[in-house]
file upload.cif (mmCIF, C-alpha atoms and all ligand atoms)
data_upload
loop_
_atom_site.label_atom_id
_atom_site.label_comp_id
_atom_site.auth_asym_id
_atom_site.auth_seq_id
_atom_site.Cartn_x
_atom_site.Cartn_y
_atom_site.Cartn_z
CA MET S 1 -22.90 309.59 -68.74
CA LYS S 2 -21.33 306.14 -68.19
CA CYS S 3 -19.63 306.37 -71.60
CA ASN S 4 -18.20 309.80 -70.85
CA LEU S 5 -16.91 308.55 -67.54
CA LEU S 6 -15.28 305.56 -69.16
CA GLN S 7 -13.72 307.72 -71.79
CA LEU S 8 -12.40 310.00 -69.06
CA VAL S 9 -10.87 307.11 -67.11
CA PHE S 10 -9.31 305.56 -70.20
CA ASN S 11 -7.93 308.84 -71.41
CA CYS S 12 -6.51 309.44 -67.96
CA TYR S 13 -4.88 306.02 -68.12
CA LYS S 14 -3.27 306.81 -71.47
CA LEU S 15 -2.15 310.18 -70.23
CA HIS S 16 -1.17 309.17 -66.75
CA ASN S 17 2.37 310.46 -67.03
CA LYS S 18 1.24 313.93 -67.98
CA PRO S 19 1.65 316.35 -65.07
CA VAL S 20 -1.64 318.07 -65.88
CA VAL S 21 -3.56 314.82 -65.32
CA LYS S 22 -1.75 314.11 -62.08
CA HIS S 23 -2.50 317.59 -60.91
CA LYS S 24 -6.20 317.46 -61.82
CA LEU S 25 -6.74 314.09 -60.15
CA ASN S 26 -4.93 315.34 -57.11
CA LEU S 27 -7.34 318.24 -57.01
CA ILE S 28 -10.26 315.79 -57.01
CA LEU S 29 -8.80 313.17 -54.68
CA GLN S 30 -7.06 315.19 -51.99
CA PRO S 31 -10.12 317.03 -50.64
CA LEU S 32 -12.09 313.78 -50.69
CA LYS S 33 -9.38 312.04 -48.71
CA LYS S 34 -8.98 314.86 -46.28
CA TYR S 35 -12.54 315.81 -45.54
CA ASN S 36 -14.89 313.02 -46.39
CA ILE S 37 -14.37 309.30 -45.95
CA THR S 38 -17.91 308.52 -47.12
CA ALA S 39 -17.22 310.26 -50.38
CA MET S 40 -14.01 308.24 -50.69
CA MET S 41 -15.94 305.02 -50.24
CA TRP S 42 -18.41 306.18 -52.86
CA PHE S 43 -15.52 306.97 -55.18
CA ASN S 44 -14.03 303.49 -54.61
CA LYS S 45 -17.34 301.83 -55.38
CA MET S 46 -17.81 303.94 -58.47
CA ILE S 47 -14.37 302.92 -59.77
CA ALA S 48 -15.11 299.25 -59.07
CA SER S 49 -18.51 299.38 -60.73
CA ILE S 50 -17.12 300.77 -63.98
CA LEU S 51 -14.28 298.22 -64.10
CA PRO S 52 -16.28 295.62 -66.06
CA HIS S 53 -16.77 298.21 -68.82
CA MET S 54 -13.12 299.17 -69.05
CA PRO S 55 -10.66 297.83 -71.62
CA LYS S 56 -9.46 294.37 -70.58
CA ASN S 57 -5.79 295.37 -70.61
CA LEU S 58 -6.52 298.05 -68.06
CA VAL S 59 -8.55 295.73 -65.81
CA TRP S 60 -5.64 293.25 -65.94
CA ILE S 61 -3.50 295.80 -64.08
CA PHE S 62 -5.98 295.72 -61.20
CA SER S 63 -6.63 292.00 -61.40
CA LYS S 64 -3.25 290.35 -61.59
CA ARG S 65 -2.76 290.31 -57.82
CA TYR S 66 -5.70 287.86 -57.57
CA ILE S 67 -4.67 285.49 -60.37
CA ALA S 68 -1.62 283.25 -60.70
CA GLY S 69 -1.43 284.02 -64.42
CA ARG S 70 -2.84 282.90 -67.72
CA THR S 71 -1.12 279.51 -68.09
CA ILE S 72 -0.61 276.27 -66.18
CA ASP S 73 3.09 277.15 -65.88
CA ASP S 74 2.05 280.25 -63.94
CA ALA S 75 -0.12 278.12 -61.65
CA VAL S 76 2.77 275.69 -61.07
CA ARG S 77 5.24 278.51 -60.33
CA VAL S 78 2.91 280.26 -57.87
CA SER S 79 1.89 276.99 -56.18
CA LYS S 80 5.50 275.90 -55.72
CA GLN S 81 6.29 279.19 -54.01
CA LEU S 82 3.20 278.93 -51.77
CA ASN S 83 4.14 275.35 -50.84
CA LYS S 84 7.64 276.57 -50.01
CA ASP S 85 6.12 279.23 -47.77
CA GLY S 86 4.14 276.60 -45.87
CA TYR S 87 0.72 276.72 -47.58
CA MET S 88 -1.26 274.02 -49.34
CA VAL S 89 -3.06 275.12 -52.50
CA THR S 90 -6.23 274.40 -54.42
CA ILE S 91 -5.93 274.94 -58.15
CA ASP S 92 -8.81 276.42 -60.11
CA LEU S 93 -9.02 276.88 -63.87
CA LEU S 94 -10.97 280.07 -64.40
CA GLY S 95 -14.17 279.98 -66.39
CA GLU S 96 -17.87 279.69 -65.70
CA PHE S 97 -21.26 279.70 -67.45
CA ILE S 98 -20.93 278.24 -70.96
CA THR S 99 -23.38 278.11 -73.85
CA GLU S 100 -22.49 274.84 -75.61
CA LEU S 101 -21.68 271.38 -74.31
CA LYS S 102 -18.64 271.26 -76.60
CA GLU S 103 -17.05 273.90 -74.37
CA ALA S 104 -17.73 271.68 -71.35
CA GLU S 105 -15.83 268.83 -72.95
CA LYS S 106 -12.93 271.12 -73.76
CA ASN S 107 -12.88 272.34 -70.16
CA ARG S 108 -13.01 268.76 -68.87
CA ASP S 109 -10.03 267.73 -71.01
CA GLN S 110 -8.12 270.80 -69.94
CA TYR S 111 -8.76 269.99 -66.26
CA ILE S 112 -7.58 266.44 -66.73
CA ASN S 113 -4.33 267.75 -68.24
CA ILE S 114 -3.99 270.22 -65.38
CA ILE S 115 -4.23 267.39 -62.84
CA GLU S 116 -1.49 265.47 -64.71
CA THR S 117 0.78 268.53 -64.71
CA ILE S 118 0.19 269.51 -61.10
CA GLN S 119 0.81 265.97 -59.89
CA LYS S 120 3.97 265.60 -61.99
CA ASN S 121 5.30 268.77 -60.40
CA GLY S 122 4.77 267.38 -56.92
CA ILE S 123 2.54 270.24 -55.79
CA ASP S 124 0.91 269.90 -52.37
CA GLY S 125 -2.57 270.81 -53.51
CA ASN S 126 -6.00 269.71 -54.64
CA TYR S 127 -8.52 271.04 -57.20
CA SER S 128 -11.57 273.30 -57.20
CA LEU S 129 -14.06 273.61 -60.05
CA LYS S 130 -17.26 275.37 -61.01
CA PRO S 131 -19.96 273.01 -62.34
CA SER S 132 -21.43 275.63 -64.69
CA MET S 133 -18.19 275.33 -66.65
CA PHE S 134 -19.01 271.69 -67.34
CA GLY S 135 -22.59 272.23 -68.51
CA LEU S 136 -24.62 272.32 -65.27
CA LEU S 137 -27.17 274.74 -66.72
CA LEU S 138 -27.32 272.97 -70.08
CA ASN S 139 -27.52 269.29 -69.21
CA GLU S 140 -27.14 268.02 -65.65
CA GLU S 141 -26.30 264.47 -66.64
CA ALA S 142 -23.59 265.57 -69.10
CA CYS S 143 -22.17 267.86 -66.41
CA TYR S 144 -22.06 264.98 -63.94
CA GLN S 145 -20.29 262.76 -66.49
CA ASN S 146 -17.69 265.46 -67.24
CA ILE S 147 -16.93 266.13 -63.58
CA ARG S 148 -16.95 262.41 -62.81
CA GLN S 149 -14.05 261.95 -65.23
CA ILE S 150 -12.12 264.76 -63.59
CA VAL S 151 -12.69 263.32 -60.11
CA GLN S 152 -11.63 259.90 -61.40
CA LYS S 153 -8.35 261.41 -62.60
CA ALA S 154 -7.78 263.03 -59.18
CA VAL S 155 -8.61 259.73 -57.50
CA ASP S 156 -5.93 258.01 -59.63
CA TYR S 157 -3.46 260.20 -57.71
CA GLY S 158 -5.25 259.81 -54.36
CA ASN S 159 -6.31 263.45 -54.62
CA PHE S 160 -9.44 265.52 -54.02
CA VAL S 161 -11.82 267.80 -55.97
CA ARG S 162 -13.92 270.56 -54.43
CA ILE S 163 -17.20 271.62 -56.06
CA ASP S 164 -17.41 275.41 -55.81
CA MET S 165 -20.84 276.88 -55.07
CA GLU S 166 -22.23 279.29 -57.62
CA ASP S 167 -25.34 281.52 -57.57
CA SER S 168 -28.68 280.47 -56.06
CA GLN S 169 -30.08 278.96 -59.28
CA CYS S 170 -27.28 276.34 -59.02
CA VAL S 171 -27.47 275.41 -55.33
CA ASP S 172 -29.95 272.49 -55.51
CA MET S 173 -28.24 271.07 -58.59
CA GLU S 174 -24.76 271.38 -57.06
CA ILE S 175 -25.83 269.65 -53.86
CA LYS S 176 -27.40 266.86 -55.94
CA LEU S 177 -24.23 266.56 -57.99
CA PHE S 178 -22.11 266.40 -54.83
CA ARG S 179 -24.31 263.67 -53.30
CA LYS S 180 -23.94 261.58 -56.44
CA LEU S 181 -20.16 262.01 -56.61
CA LYS S 182 -19.70 261.43 -52.89
CA LYS S 183 -21.47 258.08 -53.22
CA GLU S 184 -19.00 256.94 -55.84
CA PHE S 185 -15.88 258.69 -54.47
CA PRO S 186 -16.52 258.96 -50.72
CA LYS S 187 -13.10 260.35 -49.77
CA ASN S 188 -12.29 262.46 -52.78
CA VAL S 189 -14.97 265.15 -53.15
CA GLY S 190 -16.06 268.16 -51.15
CA LEU S 191 -18.55 270.98 -51.52
CA VAL S 192 -18.62 274.72 -50.86
CA LEU S 193 -21.39 276.19 -48.69
CA GLN S 194 -22.23 279.88 -48.44
CA ALA S 195 -23.08 281.33 -45.02
CA TYR S 196 -25.09 284.19 -46.58
CA MET S 197 -27.69 281.69 -47.84
CA ARG S 198 -30.56 281.34 -45.36
CA ARG S 199 -30.87 277.65 -46.23
CA THR S 200 -27.26 276.65 -45.48
CA LEU S 201 -27.66 275.23 -41.96
CA ASP S 202 -30.57 273.09 -43.19
CA ASP S 203 -28.46 271.94 -46.14
CA ILE S 204 -25.67 270.87 -43.78
CA LYS S 205 -28.15 268.98 -41.57
CA ASN S 206 -29.76 267.29 -44.59
CA LEU S 207 -26.39 266.22 -45.94
CA SER S 208 -25.46 264.68 -42.59
CA ASN S 209 -27.09 261.43 -43.69
CA ILE S 210 -24.07 260.78 -45.93
CA HIS S 211 -21.55 261.62 -43.20
CA SER S 212 -19.73 258.97 -41.21
CA LYS S 213 -16.50 258.72 -39.21
CA ASN S 214 -14.88 256.81 -42.05
CA ASN S 215 -16.18 259.07 -44.79
CA ARG S 216 -16.47 262.51 -43.34
CA LEU S 217 -18.30 265.29 -45.13
CA ASN S 218 -15.85 267.95 -46.24
CA PHE S 219 -17.23 271.47 -46.67
CA ARG S 220 -15.54 274.73 -47.50
CA LEU S 221 -17.53 277.37 -45.63
CA CYS S 222 -17.38 280.86 -47.16
CA LYS S 223 -19.62 283.92 -46.93
CA GLY S 224 -20.81 283.81 -50.56
CA ILE S 225 -19.98 286.19 -53.37
CA TYR S 226 -22.95 286.37 -55.76
CA VAL S 227 -25.64 289.07 -55.61
CA GLU S 228 -28.72 287.33 -54.22
CA PRO S 229 -32.20 288.57 -53.27
CA GLU S 230 -32.96 289.14 -49.59
CA LYS S 231 -35.54 286.35 -49.74
CA VAL S 232 -32.78 283.74 -50.09
CA ALA S 233 -29.71 285.41 -48.58
CA PHE S 234 -28.73 287.42 -45.52
CA LYS S 235 -27.53 290.84 -46.56
CA LYS S 236 -26.16 292.45 -43.43
CA TYR S 237 -22.56 291.87 -42.34
CA GLU S 238 -23.61 290.99 -38.75
CA GLU S 239 -26.27 288.51 -39.91
CA ILE S 240 -23.91 286.79 -42.33
CA ASN S 241 -21.18 286.51 -39.68
CA ALA S 242 -23.61 285.15 -37.05
CA HIS S 243 -24.83 282.53 -39.52
CA TYR S 244 -21.25 281.68 -40.51
CA LEU S 245 -20.32 280.90 -36.90
CA GLU S 246 -23.56 278.97 -36.35
CA ASP S 247 -22.83 276.82 -39.41
CA LEU S 248 -19.21 276.35 -38.37
CA GLU S 249 -20.19 275.33 -34.85
CA TYR S 250 -22.59 272.69 -36.22
CA ILE S 251 -19.86 271.43 -38.58
CA LEU S 252 -17.21 271.13 -35.84
CA LYS S 253 -19.59 269.66 -33.27
CA ASN S 254 -20.50 266.90 -35.70
CA GLY S 255 -16.99 265.98 -36.85
CA ILE S 256 -17.44 267.32 -40.37
CA TYR S 257 -14.17 268.54 -41.97
CA PRO S 258 -14.29 272.31 -42.64
CA GLY S 259 -12.27 274.52 -44.93
CA ILE S 260 -12.70 277.76 -42.98
CA ALA S 261 -12.62 280.13 -45.94
CA THR S 262 -12.54 283.74 -44.84
CA HIS S 263 -10.25 286.76 -44.47
CA ASP S 264 -12.53 288.36 -41.90
CA ILE S 265 -10.68 288.71 -38.57
CA PRO S 266 -13.79 288.41 -36.31
CA LEU S 267 -14.67 285.14 -38.06
CA ILE S 268 -11.12 283.81 -37.78
CA GLU S 269 -11.11 284.62 -34.09
CA GLY S 270 -14.54 283.03 -33.72
CA ALA S 271 -13.17 279.93 -35.46
CA TYR S 272 -10.18 279.76 -33.08
CA LYS S 273 -12.62 279.76 -30.13
CA LEU S 274 -14.77 277.01 -31.63
CA LEU S 275 -11.73 274.87 -32.51
CA LYS S 276 -10.64 275.13 -28.87
CA LYS S 277 -14.14 274.51 -27.51
CA TYR S 278 -14.53 271.28 -29.50
CA LYS S 279 -10.85 270.28 -29.15
CA VAL S 280 -10.57 269.74 -32.89
CA PRO S 281 -7.30 268.01 -33.89
CA LYS S 282 -5.08 269.99 -36.29
CA ASP S 283 -5.64 267.55 -39.15
CA ARG S 284 -9.46 267.80 -38.98
CA TYR S 285 -9.81 271.31 -40.40
CA GLU S 286 -7.98 273.88 -42.47
CA PHE S 287 -8.20 277.60 -43.09
CA GLN S 288 -8.53 278.77 -46.68
CA MET S 289 -7.83 282.10 -48.35
CA LEU S 290 -7.84 283.53 -51.85
CA TYR S 291 -4.58 284.16 -53.67
CA GLY S 292 -3.65 287.83 -53.39
CA VAL S 293 -5.88 288.57 -50.40
CA THR S 294 -4.54 289.45 -46.91
CA PRO S 295 -1.17 287.62 -47.14
CA ALA S 296 -0.04 288.96 -43.73
CA LEU S 297 -3.13 287.54 -42.06
CA ARG S 298 -2.65 284.14 -43.67
CA LYS S 299 0.96 284.10 -42.46
CA SER S 300 -0.18 284.83 -38.91
CA ILE S 301 -2.55 281.84 -39.09
CA ILE S 302 0.11 279.30 -40.06
CA GLU S 303 2.47 280.78 -37.51
CA LYS S 304 -0.08 279.76 -34.87
CA GLY S 305 0.25 276.19 -36.13
CA HIS S 306 -2.94 275.91 -38.20
CA ARG S 307 -2.95 274.57 -41.75
CA LEU S 308 -3.97 276.93 -44.54
CA ARG S 309 -4.80 276.36 -48.18
CA VAL S 310 -4.57 279.13 -50.78
CA TYR S 311 -7.04 279.17 -53.67
CA VAL S 312 -4.95 279.64 -56.82
CA PRO S 313 -7.00 280.61 -59.87
CA PHE S 314 -5.44 280.84 -63.31
CA GLY S 315 -6.40 280.84 -66.98
CA GLU S 316 -7.39 282.98 -69.92
CA ASP S 317 -10.94 283.46 -68.63
CA TRP S 318 -9.88 285.67 -65.72
CA PHE S 319 -12.22 288.61 -66.32
CA PRO S 320 -15.48 287.69 -64.42
CA TYR S 321 -13.55 286.28 -61.42
CA SER S 322 -11.35 289.33 -61.03
CA THR S 323 -14.14 291.87 -61.37
CA ARG S 324 -15.99 290.03 -58.56
CA ARG S 325 -12.84 290.25 -56.40
CA LEU S 326 -12.38 293.94 -57.20
CA LYS S 327 -16.01 294.76 -56.40
CA GLU S 328 -15.52 292.95 -53.11
CA ASN S 329 -12.67 295.27 -52.28
CA PRO S 330 -13.09 298.45 -54.31
CA LYS S 331 -10.28 300.10 -52.35
CA VAL S 332 -7.76 298.05 -54.34
CA ALA S 333 -9.01 299.57 -57.55
CA SER S 334 -8.86 303.13 -56.36
CA ASP S 335 -5.48 302.63 -54.67
CA ILE S 336 -4.02 301.46 -57.96
CA MET S 337 -5.74 304.31 -59.79
CA LYS S 338 -4.18 306.78 -57.39
CA ALA S 339 -0.79 305.11 -57.69
CA MET S 340 -0.94 305.39 -61.48
CA PHE S 341 -2.42 308.84 -61.84
CA VAL S 342 -1.43 310.77 -58.78
CA ARG S 343 1.95 309.55 -57.65
CA GLY S 344 2.96 308.79 -61.21
P1 LIG S 401 -15.29 290.08 -46.06
O1 LIG S 401 -15.78 290.23 -47.46
O2 LIG S 401 -16.09 290.68 -44.95
O3 LIG S 401 -13.80 290.53 -45.98
C1 LIG S 401 -13.08 290.58 -44.78
C2 LIG S 401 -11.77 291.32 -45.04
O4 LIG S 401 -10.96 290.57 -45.94
C3 LIG S 401 -11.95 292.68 -45.73
O5 LIG S 401 -12.20 293.68 -44.82
C4 LIG S 401 -10.63 292.83 -46.45
O6 LIG S 401 -9.64 293.25 -45.54
C5 LIG S 401 -10.31 291.42 -46.85
N1 LIG S 401 -10.77 291.11 -48.21
C6 LIG S 401 -11.86 290.39 -48.57
N2 LIG S 401 -11.94 290.28 -49.91
C7 LIG S 401 -10.90 290.97 -50.42
C8 LIG S 401 -10.41 291.23 -51.74
N3 LIG S 401 -11.04 290.76 -52.81
N4 LIG S 401 -9.27 291.96 -51.87
C9 LIG S 401 -8.60 292.41 -50.80
N5 LIG S 401 -9.01 292.22 -49.52
C10 LIG S 401 -10.14 291.51 -49.33
N6 LIG S 401 -17.72 282.33 -52.81
C11 LIG S 401 -18.73 281.65 -53.40
O7 LIG S 401 -19.85 282.17 -53.52
N7 LIG S 401 -18.51 280.39 -53.89
C12 LIG S 401 -17.32 279.76 -53.76
O8 LIG S 401 -17.18 278.62 -54.20
C13 LIG S 401 -16.25 280.46 -53.11
N8 LIG S 401 -15.02 279.89 -52.96
C14 LIG S 401 -14.09 280.51 -52.15
C15 LIG S 401 -12.89 279.87 -51.85
C16 LIG S 401 -12.02 280.43 -50.94
C17 LIG S 401 -10.76 279.70 -50.58
C18 LIG S 401 -12.31 281.68 -50.33
C19 LIG S 401 -11.41 282.30 -49.31
C20 LIG S 401 -13.45 282.36 -50.69
C21 LIG S 401 -14.35 281.80 -51.60
N9 LIG S 401 -15.50 282.44 -51.98
C22 LIG S 401 -16.50 281.76 -52.64
C23 LIG S 401 -15.63 283.92 -51.75
C24 LIG S 401 -16.32 284.23 -50.44
O9 LIG S 401 -17.67 283.88 -50.53
C25 LIG S 401 -16.22 285.72 -50.09
O10 LIG S 401 -16.78 286.48 -51.08
C26 LIG S 401 -14.79 286.21 -49.88
O11 LIG S 401 -14.03 285.25 -49.23
C27 LIG S 401 -14.78 287.47 -49.00
O12 LIG S 401 -15.38 287.20 -47.76
P2 LIG S 401 -14.60 287.24 -46.37
O13 LIG S 401 -15.10 286.10 -45.57
O14 LIG S 401 -13.18 287.33 -46.56
O15 LIG S 401 -15.21 288.51 -45.63
#
call {"tool": "encode", "arguments": {"input": "upload.cif", "output": "structure tokens", "more": "lines below"}}
Ligand code: FDA
result
Amino acid sequence: MKCNLLQLVFNCYKLHNKPVVKHKLNLILQPLKKYNITAMMWFNKMIASILPHMPKNLVWIFSKRYIAGRTIDDAVRVSKQLNKDGYMVTIDLLGEFITELKEAEKNRDQYINIIETIQKNGIDGNYSLKPSMFGLLLNEEACYQNIRQIVQKAVDYGNFVRIDMEDSQCVDMEIKLFRKLKKEFPKNVGLVLQAYMRRTLDDIKNLSNIHSKNNRLNFRLCKGIYVEPEKVAFKKYEEINAHYLEDLEYILKNGIYPGIATHDIPLIEGAYKLLKKYKVPKDRYEFQMLYGVTPALRKSIIEKGHRLRVYVPFGEDWFPYSTRRLKENPKVASDIMKAMFVRG
């Protein structure tokens, strides 16, 4: 069934200029649009769920809005434009779970070169990385040594590296890794925390023993993107949002530096209220958003005088990242499908 569906979509893609295809898709899509929004949502989700099985070249069409490009030159070009528009950036080389430590070393060397290039180009930005790309699940000590070298390179330029948070099997290890790095580089490392994890507020409280006025903890707070069991993660939108604001309130009340990473308007408005309540100075927090997501909203945030950092991912290994983004917002996929097939 799945295969037939894939074949159908791919054939449609190849034939998308043929009037008969446009007409047939119109016949399917128009009634859905007109009479049944639930069916439309189902259709969107169906499109997004088959994306990972589609030919890569086709998925690229959907994905490119979320990715600066395949090369460091693309990352530099996009970052320069974002800087010009008033945003800071955080650069991320795409890639994740690896199977051999040799790959980790290659990734480490690539990151070190990236830092050199970004700094030489005078970009106003820092760096984000995923520990699984440096061997976290193969050898924790080797992973630490790899990331340590990257952080050292950033430190040479007075810069900063953020440890992204991955799925629940990585959380303890990533917190441990962060503690170790923070001890050695107290001003140059930060961590991501996910508000959907039930444990997050406790994690923040436990980490407070390495927080001080001189060496503040620096957390990016996001909702969390991986599929987790209900035992460890909140699942409902309202629960996740309530936990997000509870975490953020604790962070702001205790002088921890937050990267408020969300595109969700109720959370952004909740953050504005908390920033006012705790009279947080402008340089003690920042908003963060993903490249390609809600650009009008991000503009409205800087226009209010807040600082905002855009997460700029790039690299050859763009496939897993972009399918996560597309599943998060299946409407993008179906909008592009419609644009290709229906409007021609
Ligand atoms: P939500 O998903 O409720 O979206 C709110 C609104 O934003 C949507 O209604 C839509 O309008 C818009 N939107 C959201 N995603 C979109 C998309 N892909 N395309 C178009 N519109 C979209 N996660 C993680 O587990 N580990 C990590 O290290 C990080 N790192 C990270 C860095 C930064 C800078 C950001 C902004 C996010 C992350 N994330 C992450 C991802 C995060 O956990 C979460 O999945 C996304 O930010 C989406 O959640 P929102 O808070 O935007 O809310």
call {"tool": "residues_around", "arguments": {"input": "upload.cif", "residues": "region 93-98 of chain S", "least_positions_apart": "2", "cutoff": "9 Å", "atoms": "all atoms listed in the file", "output": "ChimeraX atom specification"}}
result
/S:72,91,100-101,103-104,107,110-111,114,127-138,312-321
call {"tool": "closest_residue", "arguments": {"input": "upload.cif", "among": "S:Tyr257, S:Tyr311, S:Tyr144, S:Trp60", "to": "ligand LIG 401 (chain S)", "atoms": "only C-alpha atoms and all ligand atoms"}}
result
S:Tyr311
call {"tool": "residues_near_ligand", "arguments": {"input": "upload.cif", "ligand": "ligand LIG 401 (chain S)", "cutoff": "6 Å", "atoms": "all atoms listed in the file", "output": "list in words"}}
result
Asp164, Met165, Glu166, Val192, Cys222, Lys223, Gly224, Ile225, Tyr226, Ala261, Thr262, His263, Asp264, Gln288, Met289, Leu290, Val293, Thr294, Tyr311, Arg325, Leu326, Glu328 and Asn329 of chain S
call {"tool": "closest_residue", "arguments": {"input": "upload.cif", "among": "S:Pro266, S:Phe62, S:Met88, S:Gln152", "to": "Arg307 (chain S)", "atoms": "all atoms listed in the file"}}
result
S:Met88
call {"tool": "closest_residue", "arguments": {"input": "upload.cif", "among": "S:Arg220, S:Arg298, S:Lys56, S:Lys182", "to": "Pro258 (chain S)", "atoms": "all atoms listed in the file"}}
result
S:Arg220
call {"tool": "atom_distance", "arguments": {"input": "upload.cif", "atom1": "CA of Asn206 (chain S)", "atom2": "CA of Arg179 (chain S)"}}
result
10.9 Å
call {"tool": "atom_distance", "arguments": {"input": "upload.cif", "atom1": "CA of Asp167 (chain S)", "atom2": "CA of Arg70 (chain S)"}}
result
24.7 Å
call {"tool": "atom_distance", "arguments": {"input": "upload.cif", "atom1": "CA of Asp203 (chain S)", "atom2": "CA of Lys327 (chain S)"}}
result
27.9 Å
call {"tool": "closest_residue", "arguments": {"input": "upload.cif", "among": "S:Lys120, S:Lys183, S:Lys102, S:Lys176", "to": "Asn146 (chain S)", "atoms": "all atoms listed in the file"}}
result
S:Lys102
call {"tool": "residues_around", "arguments": {"input": "upload.cif", "residues": "Phe287 (chain S)", "least_positions_apart": "5", "cutoff": "6 Å", "atoms": "all atoms listed in the file", "output": "PyMOL selection string"}}
result
chain S and resi 259-261+308
call {"tool": "closest_residue", "arguments": {"input": "upload.cif", "among": "S:Lys282, S:Asp73, S:Arg108, S:Cys143", "to": "Asn121 (chain S)", "atoms": "all atoms listed in the file"}}
result
S:Asp73
call {"tool": "residues_around", "arguments": {"input": "upload.cif", "residues": "Arg199 (chain S)", "least_positions_apart": "3", "cutoff": "12 Å", "atoms": "all atoms listed in the file", "output": "VMD selection string"}}
result
chain S and resid 168 171 to 172 193 to 196 202 to 206 231 to 234 243 to 244 247
call {"tool": "write_last_selection", "arguments": {"input": "upload.cif", "atoms": "C-alpha atoms", "output": "PDB file, in the frame of the given file"}}
result
ATOM      1  CA  SER S 168     -28.680 280.470 -56.060  1.00  0.00           C
ATOM      2  CA  VAL S 171     -27.470 275.410 -55.330  1.00  0.00           C
ATOM      3  CA  ASP S 172     -29.950 272.490 -55.510  1.00  0.00           C
ATOM      4  CA  LEU S 193     -21.390 276.190 -48.690  1.00  0.00           C
ATOM      5  CA  GLN S 194     -22.230 279.880 -48.440  1.00  0.00           C
ATOM      6  CA  ALA S 195     -23.080 281.330 -45.020  1.00  0.00           C
ATOM      7  CA  TYR S 196     -25.090 284.190 -46.580  1.00  0.00           C
ATOM      8  CA  ASP S 202     -30.570 273.090 -43.190  1.00  0.00           C
ATOM      9  CA  ASP S 203     -28.460 271.940 -46.140  1.00  0.00           C
ATOM     10  CA  ILE S 204     -25.670 270.870 -43.780  1.00  0.00           C
ATOM     11  CA  LYS S 205     -28.150 268.980 -41.570  1.00  0.00           C
ATOM     12  CA  ASN S 206     -29.760 267.290 -44.590  1.00  0.00           C
ATOM     13  CA  LYS S 231     -35.540 286.350 -49.740  1.00  0.00           C
ATOM     14  CA  VAL S 232     -32.780 283.740 -50.090  1.00  0.00           C
ATOM     15  CA  ALA S 233     -29.710 285.410 -48.580  1.00  0.00           C
ATOM     16  CA  PHE S 234     -28.730 287.420 -45.520  1.00  0.00           C
ATOM     17  CA  HIS S 243     -24.830 282.530 -39.520  1.00  0.00           C
ATOM     18  CA  TYR S 244     -21.250 281.680 -40.510  1.00  0.00           C
ATOM     19  CA  ASP S 247     -22.830 276.820 -39.410  1.00  0.00           C
TER      20      ASP S 247
END
call {"tool": "closest_residue", "arguments": {"input": "upload.cif", "among": "S:Pro186, S:Lys253, S:Arg65, S:Asn241", "to": "Lys279 (chain S)", "atoms": "only C-alpha atoms"}}
result
S:Lys253
call {"tool": "decode", "arguments": {"input": "upload.cif", "residues": "region 295-305 of chain S", "atoms": "N, CA and C atoms", "output": "PDB file, in the first residue's frame"}}
result
ATOM      1  N   PRO S 295       9.262  33.790   9.832  1.00  0.00           N
ATOM      2  CA  PRO S 295      10.110  34.992   9.745  1.00  0.00           C
ATOM      3  C   PRO S 295       9.389  36.291  10.129  1.00  0.00           C
ATOM      4  N   ALA S 296       8.072  36.372   9.882  1.00  0.00           N
ATOM      5  CA  ALA S 296       7.364  37.614  10.239  1.00  0.00           C
ATOM      6  C   ALA S 296       7.308  37.767  11.760  1.00  0.00           C
ATOM      7  N   LEU S 297       7.092  36.653  12.436  1.00  0.00           N
ATOM      8  CA  LEU S 297       7.029  36.687  13.903  1.00  0.00           C
ATOM      9  C   LEU S 297       8.383  37.099  14.491  1.00  0.00           C
ATOM     10  N   ARG S 298       9.442  36.538  13.922  1.00  0.00           N
ATOM     11  CA  ARG S 298      10.776  36.884  14.465  1.00  0.00           C
ATOM     12  C   ARG S 298      11.072  38.372  14.254  1.00  0.00           C
ATOM     13  N   LYS S 299      10.608  38.914  13.117  1.00  0.00           N
ATOM     14  CA  LYS S 299      10.817  40.345  12.860  1.00  0.00           C
ATOM     15  C   LYS S 299      10.075  41.174  13.911  1.00  0.00           C
ATOM     16  N   SER S 300       8.860  40.736  14.234  1.00  0.00           N
ATOM     17  CA  SER S 300       8.065  41.509  15.206  1.00  0.00           C
ATOM     18  C   SER S 300       8.752  41.501  16.575  1.00  0.00           C
ATOM     19  N   ILE S 301       9.489  40.443  16.873  1.00  0.00           N
ATOM     20  CA  ILE S 301      10.169  40.364  18.187  1.00  0.00           C
ATOM     21  C   ILE S 301      11.327  41.359  18.248  1.00  0.00           C
ATOM     22  N   ILE S 302      12.147  41.401  17.193  1.00  0.00           N
ATOM     23  CA  ILE S 302      13.258  42.372  17.262  1.00  0.00           C
ATOM     24  C   ILE S 302      12.764  43.805  17.172  1.00  0.00           C
ATOM     25  N   GLU S 303      11.642  43.984  16.484  1.00  0.00           N
ATOM     26  CA  GLU S 303      11.089  45.352  16.413  1.00  0.00           C
ATOM     27  C   GLU S 303      10.650  45.863  17.788  1.00  0.00           C
ATOM     28  N   LYS S 304      10.369  44.921  18.691  1.00  0.00           N
ATOM     29  CA  LYS S 304      10.011  45.331  20.064  1.00  0.00           C
ATOM     30  C   LYS S 304      11.271  45.561  20.910  1.00  0.00           C
ATOM     31  N   GLY S 305      12.427  45.383  20.300  1.00  0.00           N
ATOM     32  CA  GLY S 305      13.670  45.679  21.014  1.00  0.00           C
ATOM     33  C   GLY S 305      14.325  44.490  21.695  1.00  0.00           C
TER      34      GLY S 305
END
